[in-house]
Amino acid sequence: MSMIFNSNKLFFLITLFFSTLITISSNSWFGCWIGLEINLLSFIPLINSSYNIMTSEASLKYFLTQAIASINFLFSIMLKMILMKNFEISNFISIMINSSMLMKMGSAPFHFWFPNIIEGLSWFNNFILMTWQKISPLILLSYYLNKNFLIIMIIFNIIIGAINGINQTSMRKLMAYSSINNLGWMITSMMISENLCLFYIFMYSFMVMIMCMLFYFTNLFFINQLFFMNMNYMIKMNLLINFLSLGGLPPFIGFFPKWIIINFLMANQLYLLSSLFIFMSLVMLFFYIRILYSSFMFNYMKLKWFKINIKNNIKLLINLLSFLSITGTILSTLFFF
């Protein structure tokens, strides 16, 4: 949060936002590529911090993976310009462009860099990486779809995100695998309609914002901290509400966009895909509930000098956002009438 008061970091934050706007409003592939490069060069200074040794490693890994994806993307658009008419090559180019965008987002099976980088970042940078950094690759992905290829990638995302999240003890890695799982839902929503995709991104960003705020103010990085920290029950309640909302449990607001996607899949007779989505959501909810159940039930008498103090106005804001999370689906069902 000190980033807001640092003029250099604020400048890079502004260029980061504008680079996404350049990418999504560009009328040529080359303009999109320039926007992506400005985005990369704006995010690296935001990652770097003299207080944390992990950030230099994370920024180097991020630069290398994004540079490889950018080279792949640039090579694909050059091929596309040269071999415009050839249908077989056009199919290959669409897979190349799609895979470079998936790599930029940290989608499975190009996801190996994503949890490692998230592990080395602050909660504010994690929030940007899990939300804002996904917008421009998703929009570019919608310009040149290869549906068969993307359906395979969606299945990879939801399975890998759910299965790999089970054995994590780090909250940041847990959020990373949760983000990979949600990316499967995002790509599905983008294949249905761009408006639904933007709505899903907005809803997901809202839920991740509350989680990152809670983790930042409670200084929470590992699951075992939930057991022995002297936490107020209201904070634990907020964690419960927002974890379940992120998992997509009704009546929380996270259920609403998933409900729309499942409705569409069922209407189009994609029963196998929708049942896979539902089953993997249950796996996600299983490990969220396992963490929360343990944190509510276990009570360590020692190590209670960790007193969590959150300012009253921030507490009020978190409580208000959690209230919106509970009442969200109840209010959103009015759209169906």
# chains A, B, ... in the order shown; residues from 1 in each chain; ligands from 1
$ residues_around --residues "region 58-74 of chain A" --least-positions-apart "6" --cutoff "7 Å" --atoms "only C-alpha atoms" --output "NGL selection string"
:A and (44 or 47-48 or 97 or 100 or 103-104 or 117 or 120)
$ write_last_selection --atoms "C-alpha atoms" --output "PDB file, in the first residue's frame"
ATOM      1  CA  ILE A  44       8.477  -5.147 -13.300  1.00  0.00           C
ATOM      2  CA  ILE A  47       7.293  -5.919  -8.307  1.00  0.00           C
ATOM      3  CA  ASN A  48      10.803  -4.879  -7.238  1.00  0.00           C
ATOM      4  CA  ILE A  97      -1.548 -16.809 -30.725  1.00  0.00           C
ATOM      5  CA  SER A 100       1.096 -17.141 -26.184  1.00  0.00           C
ATOM      6  CA  MET A 103       1.169 -18.195 -21.239  1.00  0.00           C
ATOM      7  CA  LYS A 104       0.921 -14.470 -20.468  1.00  0.00           C
ATOM      8  CA  ILE A 117       6.141 -15.630  -8.879  1.00  0.00           C
ATOM      9  CA  GLY A 120       7.569 -13.782  -3.976  1.00  0.00           C
TER      10      GLY A 120
END
$ residues_around --residues "region 105-110 of chain A" --least-positions-apart "2" --cutoff "10 Å" --atoms "only C-alpha atoms" --output "PyMOL selection string"
chain A and resi 65-66+69+99-103+112-115+129-131+133-138+153-161+176-177+179-184+187
$ atom_distance --atom1 "CA of Phe149 (chain A)" --atom2 "CA of Ser274 (chain A)"
17.4 Å
$ atom_distance --atom1 "CA of Leu16 (chain A)" --atom2 "CA of Ser325 (chain A)"
28.3 Å
$ residues_around --residues "Leu324 (chain A)" --least-positions-apart "6" --cutoff "12 Å" --atoms "only C-alpha atoms" --output "ChimeraX atom specification"
/A:203,206-207,210,238,241-242,245,251-254,317-318,330-332
$ residues_around --residues "Ile235 (chain A)" --least-positions-apart "5" --cutoff "12 Å" --atoms "only C-alpha atoms" --output "PDB file with all heavy atoms, in the first residue's frame"
ATOM      1  N   ILE A 210     -11.157  -8.293  -1.690  1.00  0.00           N
ATOM      2  CA  ILE A 210     -11.498  -8.478  -0.265  1.00  0.00           C
ATOM      3  C   ILE A 210     -10.505  -9.433   0.392  1.00  0.00           C
ATOM      4  O   ILE A 210     -10.012  -9.163   1.496  1.00  0.00           O
ATOM      5  CB  ILE A 210     -12.940  -9.022  -0.079  1.00  0.00           C
ATOM      6  CG1 ILE A 210     -13.960  -8.118  -0.763  1.00  0.00           C
ATOM      7  CG2 ILE A 210     -13.288  -9.141   1.405  1.00  0.00           C
ATOM      8  CD1 ILE A 210     -15.359  -8.709  -0.847  1.00  0.00           C
ATOM      9  N   MET A 211     -10.183 -10.549  -0.288  1.00  0.00           N
ATOM     10  CA  MET A 211      -9.247 -11.537   0.261  1.00  0.00           C
ATOM     11  C   MET A 211      -7.870 -10.926   0.485  1.00  0.00           C
ATOM     12  O   MET A 211      -7.272 -11.098   1.549  1.00  0.00           O
ATOM     13  CB  MET A 211      -9.108 -12.744  -0.681  1.00  0.00           C
ATOM     14  CG  MET A 211     -10.352 -13.561  -0.880  1.00  0.00           C
ATOM     15  SD  MET A 211     -11.074 -14.211   0.617  1.00  0.00           S
ATOM     16  CE  MET A 211      -9.873 -15.399   1.103  1.00  0.00           C
ATOM     17  N   MET A 213      -7.095  -7.766   0.819  1.00  0.00           N
ATOM     18  CA  MET A 213      -7.179  -6.770   1.904  1.00  0.00           C
ATOM     19  C   MET A 213      -7.104  -7.445   3.266  1.00  0.00           C
ATOM     20  O   MET A 213      -6.358  -7.018   4.154  1.00  0.00           O
ATOM     21  CB  MET A 213      -8.490  -5.980   1.801  1.00  0.00           C
ATOM     22  CG  MET A 213      -8.434  -4.815   0.847  1.00  0.00           C
ATOM     23  SD  MET A 213     -10.049  -4.037   0.660  1.00  0.00           S
ATOM     24  CE  MET A 213     -10.269  -3.279   2.250  1.00  0.00           C
ATOM     25  N   LEU A 214      -7.866  -8.528   3.429  1.00  0.00           N
ATOM     26  CA  LEU A 214      -7.867  -9.278   4.702  1.00  0.00           C
ATOM     27  C   LEU A 214      -6.482  -9.845   5.007  1.00  0.00           C
ATOM     28  O   LEU A 214      -5.981  -9.724   6.122  1.00  0.00           O
ATOM     29  CB  LEU A 214      -8.887 -10.419   4.642  1.00  0.00           C
ATOM     30  CG  LEU A 214     -10.329 -10.075   4.988  1.00  0.00           C
ATOM     31  CD1 LEU A 214     -11.259 -11.186   4.553  1.00  0.00           C
ATOM     32  CD2 LEU A 214     -10.503  -9.821   6.474  1.00  0.00           C
ATOM     33  N   PHE A 215      -5.852 -10.443   3.992  1.00  0.00           N
ATOM     34  CA  PHE A 215      -4.528 -11.040   4.193  1.00  0.00           C
ATOM     35  C   PHE A 215      -3.476  -9.976   4.476  1.00  0.00           C
ATOM     36  O   PHE A 215      -2.558 -10.189   5.262  1.00  0.00           O
ATOM     37  CB  PHE A 215      -4.107 -11.875   2.970  1.00  0.00           C
ATOM     38  CG  PHE A 215      -4.954 -13.097   2.734  1.00  0.00           C
ATOM     39  CD1 PHE A 215      -5.183 -13.570   1.447  1.00  0.00           C
ATOM     40  CD2 PHE A 215      -5.518 -13.787   3.799  1.00  0.00           C
ATOM     41  CE1 PHE A 215      -5.964 -14.701   1.220  1.00  0.00           C
ATOM     42  CE2 PHE A 215      -6.299 -14.922   3.594  1.00  0.00           C
ATOM     43  CZ  PHE A 215      -6.523 -15.370   2.303  1.00  0.00           C
ATOM     44  N   PHE A 217      -3.945  -6.858   5.856  1.00  0.00           N
ATOM     45  CA  PHE A 217      -4.111  -6.214   7.174  1.00  0.00           C
ATOM     46  C   PHE A 217      -3.884  -7.180   8.344  1.00  0.00           C
ATOM     47  O   PHE A 217      -3.544  -6.753   9.434  1.00  0.00           O
ATOM     48  CB  PHE A 217      -5.487  -5.542   7.281  1.00  0.00           C
ATOM     49  CG  PHE A 217      -5.608  -4.315   6.439  1.00  0.00           C
ATOM     50  CD1 PHE A 217      -6.499  -4.265   5.366  1.00  0.00           C
ATOM     51  CD2 PHE A 217      -4.802  -3.216   6.681  1.00  0.00           C
ATOM     52  CE1 PHE A 217      -6.586  -3.138   4.568  1.00  0.00           C
ATOM     53  CE2 PHE A 217      -4.886  -2.075   5.875  1.00  0.00           C
ATOM     54  CZ  PHE A 217      -5.776  -2.033   4.820  1.00  0.00           C
ATOM     55  N   THR A 218      -4.063  -8.482   8.111  1.00  0.00           N
ATOM     56  CA  THR A 218      -3.781  -9.463   9.173  1.00  0.00           C
ATOM     57  C   THR A 218      -2.369 -10.050   9.039  1.00  0.00           C
ATOM     58  O   THR A 218      -1.967 -10.863   9.853  1.00  0.00           O
ATOM     59  CB  THR A 218      -4.803 -10.617   9.146  1.00  0.00           C
ATOM     60  OG1 THR A 218      -4.823 -11.169   7.824  1.00  0.00           O
ATOM     61  CG2 THR A 218      -6.190 -10.162   9.537  1.00  0.00           C
ATOM     62  N   LEU A 220      -1.148 -12.164   6.836  1.00  0.00           N
ATOM     63  CA  LEU A 220      -1.349 -13.613   6.745  1.00  0.00           C
ATOM     64  C   LEU A 220      -0.707 -14.148   5.467  1.00  0.00           C
ATOM     65  O   LEU A 220      -1.033 -13.692   4.377  1.00  0.00           O
ATOM     66  CB  LEU A 220      -2.853 -13.896   6.743  1.00  0.00           C
ATOM     67  CG  LEU A 220      -3.341 -15.296   7.036  1.00  0.00           C
ATOM     68  CD1 LEU A 220      -3.022 -15.708   8.463  1.00  0.00           C
ATOM     69  CD2 LEU A 220      -4.852 -15.359   6.842  1.00  0.00           C
ATOM     70  N   LEU A 226      -3.349 -19.011  10.807  1.00  0.00           N
ATOM     71  CA  LEU A 226      -4.776 -18.934  11.176  1.00  0.00           C
ATOM     72  C   LEU A 226      -5.047 -19.622  12.509  1.00  0.00           C
ATOM     73  O   LEU A 226      -5.985 -19.272  13.224  1.00  0.00           O
ATOM     74  CB  LEU A 226      -5.638 -19.610  10.100  1.00  0.00           C
ATOM     75  CG  LEU A 226      -5.929 -18.837   8.822  1.00  0.00           C
ATOM     76  CD1 LEU A 226      -6.504 -19.765   7.783  1.00  0.00           C
ATOM     77  CD2 LEU A 226      -6.884 -17.689   9.080  1.00  0.00           C
ATOM     78  N   MET A 229      -2.885 -17.310  15.596  1.00  0.00           N
ATOM     79  CA  MET A 229      -3.015 -15.854  15.713  1.00  0.00           C
ATOM     80  C   MET A 229      -4.234 -15.502  16.558  1.00  0.00           C
ATOM     81  O   MET A 229      -5.269 -16.153  16.454  1.00  0.00           O
ATOM     82  CB  MET A 229      -3.154 -15.221  14.329  1.00  0.00           C
ATOM     83  CG  MET A 229      -1.838 -14.945  13.670  1.00  0.00           C
ATOM     84  SD  MET A 229      -2.082 -14.061  12.139  1.00  0.00           S
ATOM     85  CE  MET A 229      -0.419 -13.591  11.767  1.00  0.00           C
ATOM     86  N   ASN A 230      -4.075 -14.466  17.358  1.00  0.00           N
ATOM     87  CA  ASN A 230      -5.160 -14.016  18.239  1.00  0.00           C
ATOM     88  C   ASN A 230      -6.135 -13.172  17.414  1.00  0.00           C
ATOM     89  O   ASN A 230      -6.187 -11.960  17.539  1.00  0.00           O
ATOM     90  CB  ASN A 230      -4.571 -13.226  19.405  1.00  0.00           C
ATOM     91  CG  ASN A 230      -5.592 -13.015  20.495  1.00  0.00           C
ATOM     92  OD1 ASN A 230      -6.688 -13.570  20.451  1.00  0.00           O
ATOM     93  ND2 ASN A 230      -5.250 -12.211  21.468  1.00  0.00           N
ATOM     94  N   LEU A 240     -14.306 -16.623   6.213  1.00  0.00           N
ATOM     95  CA  LEU A 240     -15.239 -17.712   5.881  1.00  0.00           C
ATOM     96  C   LEU A 240     -16.157 -17.313   4.730  1.00  0.00           C
ATOM     97  O   LEU A 240     -16.273 -18.023   3.729  1.00  0.00           O
ATOM     98  CB  LEU A 240     -16.070 -18.088   7.117  1.00  0.00           C
ATOM     99  CG  LEU A 240     -17.227 -19.065   6.903  1.00  0.00           C
ATOM    100  CD1 LEU A 240     -16.707 -20.471   6.708  1.00  0.00           C
ATOM    101  CD2 LEU A 240     -18.195 -19.041   8.064  1.00  0.00           C
ATOM    102  N   ILE A 241     -16.781 -16.140   4.863  1.00  0.00           N
ATOM    103  CA  ILE A 241     -17.731 -15.657   3.846  1.00  0.00           C
ATOM    104  C   ILE A 241     -17.050 -15.525   2.485  1.00  0.00           C
ATOM    105  O   ILE A 241     -17.556 -16.001   1.463  1.00  0.00           O
ATOM    106  CB  ILE A 241     -18.344 -14.296   4.279  1.00  0.00           C
ATOM    107  CG1 ILE A 241     -19.287 -14.499   5.479  1.00  0.00           C
ATOM    108  CG2 ILE A 241     -19.090 -13.625   3.126  1.00  0.00           C
ATOM    109  CD1 ILE A 241     -19.592 -13.224   6.240  1.00  0.00           C
ATOM    110  N   ASN A 242     -15.852 -14.901   2.483  1.00  0.00           N
ATOM    111  CA  ASN A 242     -15.209 -14.600   1.201  1.00  0.00           C
ATOM    112  C   ASN A 242     -14.536 -15.804   0.572  1.00  0.00           C
ATOM    113  O   ASN A 242     -14.468 -15.894  -0.654  1.00  0.00           O
ATOM    114  CB  ASN A 242     -14.236 -13.431   1.373  1.00  0.00           C
ATOM    115  CG  ASN A 242     -14.987 -12.161   1.700  1.00  0.00           C
ATOM    116  OD1 ASN A 242     -15.804 -11.703   0.920  1.00  0.00           O
ATOM    117  ND2 ASN A 242     -14.770 -11.626   2.879  1.00  0.00           N
ATOM    118  N   LEU A 292     -10.803 -23.389   6.830  1.00  0.00           N
ATOM    119  CA  LEU A 292     -11.649 -22.571   7.706  1.00  0.00           C
ATOM    120  C   LEU A 292     -12.124 -23.348   8.921  1.00  0.00           C
ATOM    121  O   LEU A 292     -12.136 -22.811  10.040  1.00  0.00           O
ATOM    122  CB  LEU A 292     -12.846 -22.035   6.906  1.00  0.00           C
ATOM    123  CG  LEU A 292     -12.447 -21.064   5.794  1.00  0.00           C
ATOM    124  CD1 LEU A 292     -13.546 -20.948   4.774  1.00  0.00           C
ATOM    125  CD2 LEU A 292     -12.104 -19.700   6.369  1.00  0.00           C
ATOM    126  N   SER A 295      -9.262 -23.516  11.348  1.00  0.00           N
ATOM    127  CA  SER A 295      -8.980 -22.230  12.003  1.00  0.00           C
ATOM    128  C   SER A 295     -10.044 -21.869  13.040  1.00  0.00           C
ATOM    129  O   SER A 295      -9.760 -21.215  14.033  1.00  0.00           O
ATOM    130  CB  SER A 295      -8.856 -21.117  10.961  1.00  0.00           C
ATOM    131  OG  SER A 295     -10.107 -20.859  10.380  1.00  0.00           O
ATOM    132  N   PHE A 296     -11.288 -22.323  12.809  1.00  0.00           N
ATOM    133  CA  PHE A 296     -12.359 -22.053  13.785  1.00  0.00           C
ATOM    134  C   PHE A 296     -12.276 -23.002  14.988  1.00  0.00           C
ATOM    135  O   PHE A 296     -12.522 -22.603  16.119  1.00  0.00           O
ATOM    136  CB  PHE A 296     -13.736 -22.208  13.121  1.00  0.00           C
ATOM    137  CG  PHE A 296     -14.253 -20.932  12.536  1.00  0.00           C
ATOM    138  CD1 PHE A 296     -14.036 -20.634  11.194  1.00  0.00           C
ATOM    139  CD2 PHE A 296     -14.959 -20.027  13.313  1.00  0.00           C
ATOM    140  CE1 PHE A 296     -14.513 -19.451  10.653  1.00  0.00           C
ATOM    141  CE2 PHE A 296     -15.444 -18.848  12.773  1.00  0.00           C
ATOM    142  CZ  PHE A 296     -15.218 -18.553  11.441  1.00  0.00           C
ATOM    143  N   ILE A 308      -3.813  -9.087  16.509  1.00  0.00           N
ATOM    144  CA  ILE A 308      -4.159  -8.447  15.234  1.00  0.00           C
ATOM    145  C   ILE A 308      -4.984  -7.204  15.516  1.00  0.00           C
ATOM    146  O   ILE A 308      -6.082  -7.287  16.079  1.00  0.00           O
ATOM    147  CB  ILE A 308      -4.968  -9.411  14.325  1.00  0.00           C
ATOM    148  CG1 ILE A 308      -4.223 -10.733  14.136  1.00  0.00           C
ATOM    149  CG2 ILE A 308      -5.287  -8.782  12.980  1.00  0.00           C
ATOM    150  CD1 ILE A 308      -2.928 -10.661  13.387  1.00  0.00           C
ATOM    151  N   ASN A 309      -4.457  -6.055  15.125  1.00  0.00           N
ATOM    152  CA  ASN A 309      -5.185  -4.797  15.292  1.00  0.00           C
ATOM    153  C   ASN A 309      -5.473  -4.199  13.921  1.00  0.00           C
ATOM    154  O   ASN A 309      -4.548  -3.865  13.182  1.00  0.00           O
ATOM    155  CB  ASN A 309      -4.371  -3.801  16.123  1.00  0.00           C
ATOM    156  CG  ASN A 309      -4.343  -4.190  17.595  1.00  0.00           C
ATOM    157  OD1 ASN A 309      -5.361  -4.571  18.150  1.00  0.00           O
ATOM    158  ND2 ASN A 309      -3.174  -4.108  18.203  1.00  0.00           N
ATOM    159  N   ILE A 310      -6.726  -4.098  13.575  1.00  0.00           N
ATOM    160  CA  ILE A 310      -7.122  -3.466  12.317  1.00  0.00           C
ATOM    161  C   ILE A 310      -7.904  -2.206  12.670  1.00  0.00           C
ATOM    162  O   ILE A 310      -8.748  -2.218  13.569  1.00  0.00           O
ATOM    163  CB  ILE A 310      -7.987  -4.417  11.451  1.00  0.00           C
ATOM    164  CG1 ILE A 310      -7.199  -5.683  11.115  1.00  0.00           C
ATOM    165  CG2 ILE A 310      -8.426  -3.736  10.171  1.00  0.00           C
ATOM    166  CD1 ILE A 310      -7.973  -6.722  10.319  1.00  0.00           C
ATOM    167  N   ILE A 314     -11.254   0.490   8.449  1.00  0.00           N
ATOM    168  CA  ILE A 314     -10.944  -0.632   7.545  1.00  0.00           C
ATOM    169  C   ILE A 314     -11.823  -1.834   7.897  1.00  0.00           C
ATOM    170  O   ILE A 314     -12.327  -2.521   7.016  1.00  0.00           O
ATOM    171  CB  ILE A 314      -9.439  -0.978   7.592  1.00  0.00           C
ATOM    172  CG1 ILE A 314      -8.633   0.170   6.981  1.00  0.00           C
ATOM    173  CG2 ILE A 314      -9.133  -2.270   6.849  1.00  0.00           C
ATOM    174  CD1 ILE A 314      -7.188   0.197   7.351  1.00  0.00           C
ATOM    175  N   LYS A 315     -12.025  -2.066   9.212  1.00  0.00           N
ATOM    176  CA  LYS A 315     -12.923  -3.146   9.663  1.00  0.00           C
ATOM    177  C   LYS A 315     -14.322  -2.950   9.098  1.00  0.00           C
ATOM    178  O   LYS A 315     -14.961  -3.888   8.624  1.00  0.00           O
ATOM    179  CB  LYS A 315     -13.003  -3.129  11.195  1.00  0.00           C
ATOM    180  CG  LYS A 315     -12.088  -4.135  11.878  1.00  0.00           C
ATOM    181  CD  LYS A 315     -12.388  -4.142  13.352  1.00  0.00           C
ATOM    182  CE  LYS A 315     -11.252  -4.802  14.125  1.00  0.00           C
ATOM    183  NZ  LYS A 315     -11.414  -4.641  15.561  1.00  0.00           N
ATOM    184  N   LEU A 316     -14.783  -1.691   9.168  1.00  0.00           N
ATOM    185  CA  LEU A 316     -16.124  -1.354   8.679  1.00  0.00           C
ATOM    186  C   LEU A 316     -16.233  -1.615   7.181  1.00  0.00           C
ATOM    187  O   LEU A 316     -17.225  -2.181   6.708  1.00  0.00           O
ATOM    188  CB  LEU A 316     -16.423   0.123   8.987  1.00  0.00           C
ATOM    189  CG  LEU A 316     -17.860   0.596   8.761  1.00  0.00           C
ATOM    190  CD1 LEU A 316     -18.798  -0.048   9.770  1.00  0.00           C
ATOM    191  CD2 LEU A 316     -17.946   2.110   8.881  1.00  0.00           C
ATOM    192  N   LEU A 317     -15.174  -1.238   6.424  1.00  0.00           N
ATOM    193  CA  LEU A 317     -15.165  -1.448   4.973  1.00  0.00           C
ATOM    194  C   LEU A 317     -15.205  -2.940   4.635  1.00  0.00           C
ATOM    195  O   LEU A 317     -15.989  -3.375   3.783  1.00  0.00           O
ATOM    196  CB  LEU A 317     -13.906  -0.800   4.366  1.00  0.00           C
ATOM    197  CG  LEU A 317     -13.677  -1.018   2.869  1.00  0.00           C
ATOM    198  CD1 LEU A 317     -14.755  -0.319   2.047  1.00  0.00           C
ATOM    199  CD2 LEU A 317     -12.301  -0.519   2.447  1.00  0.00           C
ATOM    200  N   ILE A 318     -14.376  -3.747   5.338  1.00  0.00           N
ATOM    201  CA  ILE A 318     -14.335  -5.199   5.095  1.00  0.00           C
ATOM    202  C   ILE A 318     -15.673  -5.845   5.440  1.00  0.00           C
ATOM    203  O   ILE A 318     -16.175  -6.695   4.703  1.00  0.00           O
ATOM    204  CB  ILE A 318     -13.160  -5.852   5.871  1.00  0.00           C
ATOM    205  CG1 ILE A 318     -11.817  -5.417   5.261  1.00  0.00           C
ATOM    206  CG2 ILE A 318     -13.255  -7.381   5.841  1.00  0.00           C
ATOM    207  CD1 ILE A 318     -10.601  -5.730   6.107  1.00  0.00           C
ATOM    208  N   ASN A 319     -16.285  -5.412   6.557  1.00  0.00           N
ATOM    209  CA  ASN A 319     -17.603  -5.937   6.950  1.00  0.00           C
ATOM    210  C   ASN A 319     -18.667  -5.606   5.910  1.00  0.00           C
ATOM    211  O   ASN A 319     -19.527  -6.434   5.601  1.00  0.00           O
ATOM    212  CB  ASN A 319     -18.025  -5.382   8.315  1.00  0.00           C
ATOM    213  CG  ASN A 319     -17.192  -5.951   9.447  1.00  0.00           C
ATOM    214  OD1 ASN A 319     -16.527  -6.971   9.286  1.00  0.00           O
ATOM    215  ND2 ASN A 319     -17.199  -5.290  10.585  1.00  0.00           N
ATOM    216  N   SER A 322     -18.134  -7.762   2.833  1.00  0.00           N
ATOM    217  CA  SER A 322     -18.579  -9.133   3.128  1.00  0.00           C
ATOM    218  C   SER A 322     -20.101  -9.230   3.133  1.00  0.00           C
ATOM    219  O   SER A 322     -20.670 -10.226   2.694  1.00  0.00           O
ATOM    220  CB  SER A 322     -18.029  -9.593   4.475  1.00  0.00           C
ATOM    221  OG  SER A 322     -16.633  -9.655   4.420  1.00  0.00           O
TER     222      SER A 322
END
$ closest_residue --among "A:Tyr204, A:Tyr293, A:Phe75, A:Phe264" --to "Trp29 (chain A)" --atoms "only C-alpha atoms"
A:Phe75
$ closest_residue --among "A:Met266, A:Ile22, A:Cys197, A:Met280" --to "Asn164 (chain A)" --atoms "only C-alpha atoms"
A:Met280
$ closest_residue --among "A:Leu272, A:Leu46, A:Leu140, A:Ile163" --to "Ile14 (chain A)" --atoms "only C-alpha atoms"
A:Leu46
$ atom_distance --atom1 "CA of Phe279 (chain A)" --atom2 "CA of Met191 (chain A)"
20.8 Å
$ closest_residue --among "A:Gln168, A:Ser7, A:Thr20, A:Ser193" --to "Met284 (chain A)" --atoms "only C-alpha atoms"
A:Gln168
$ closest_residue --among "A:Phe92, A:Phe227, A:Trp33, A:Tyr216" --to "Leu145 (chain A)" --atoms "only C-alpha atoms"
A:Phe92
$ select_by_dssp --residues "region 97-307 of chain A" --states "helix (DSSP H, G or I)" --output "number ranges by chain"
A: 97-105, 113-119, 123-130, 132-143, 147-165, 171-192, 194-218, 225-228, 233-247, 255-267, 271-297
$ closest_residue --among "A:Leu36, A:Leu282, A:Ile192, A:Ile118" --to "Ala267 (chain A)" --atoms "only C-alpha atoms"
A:Ile192
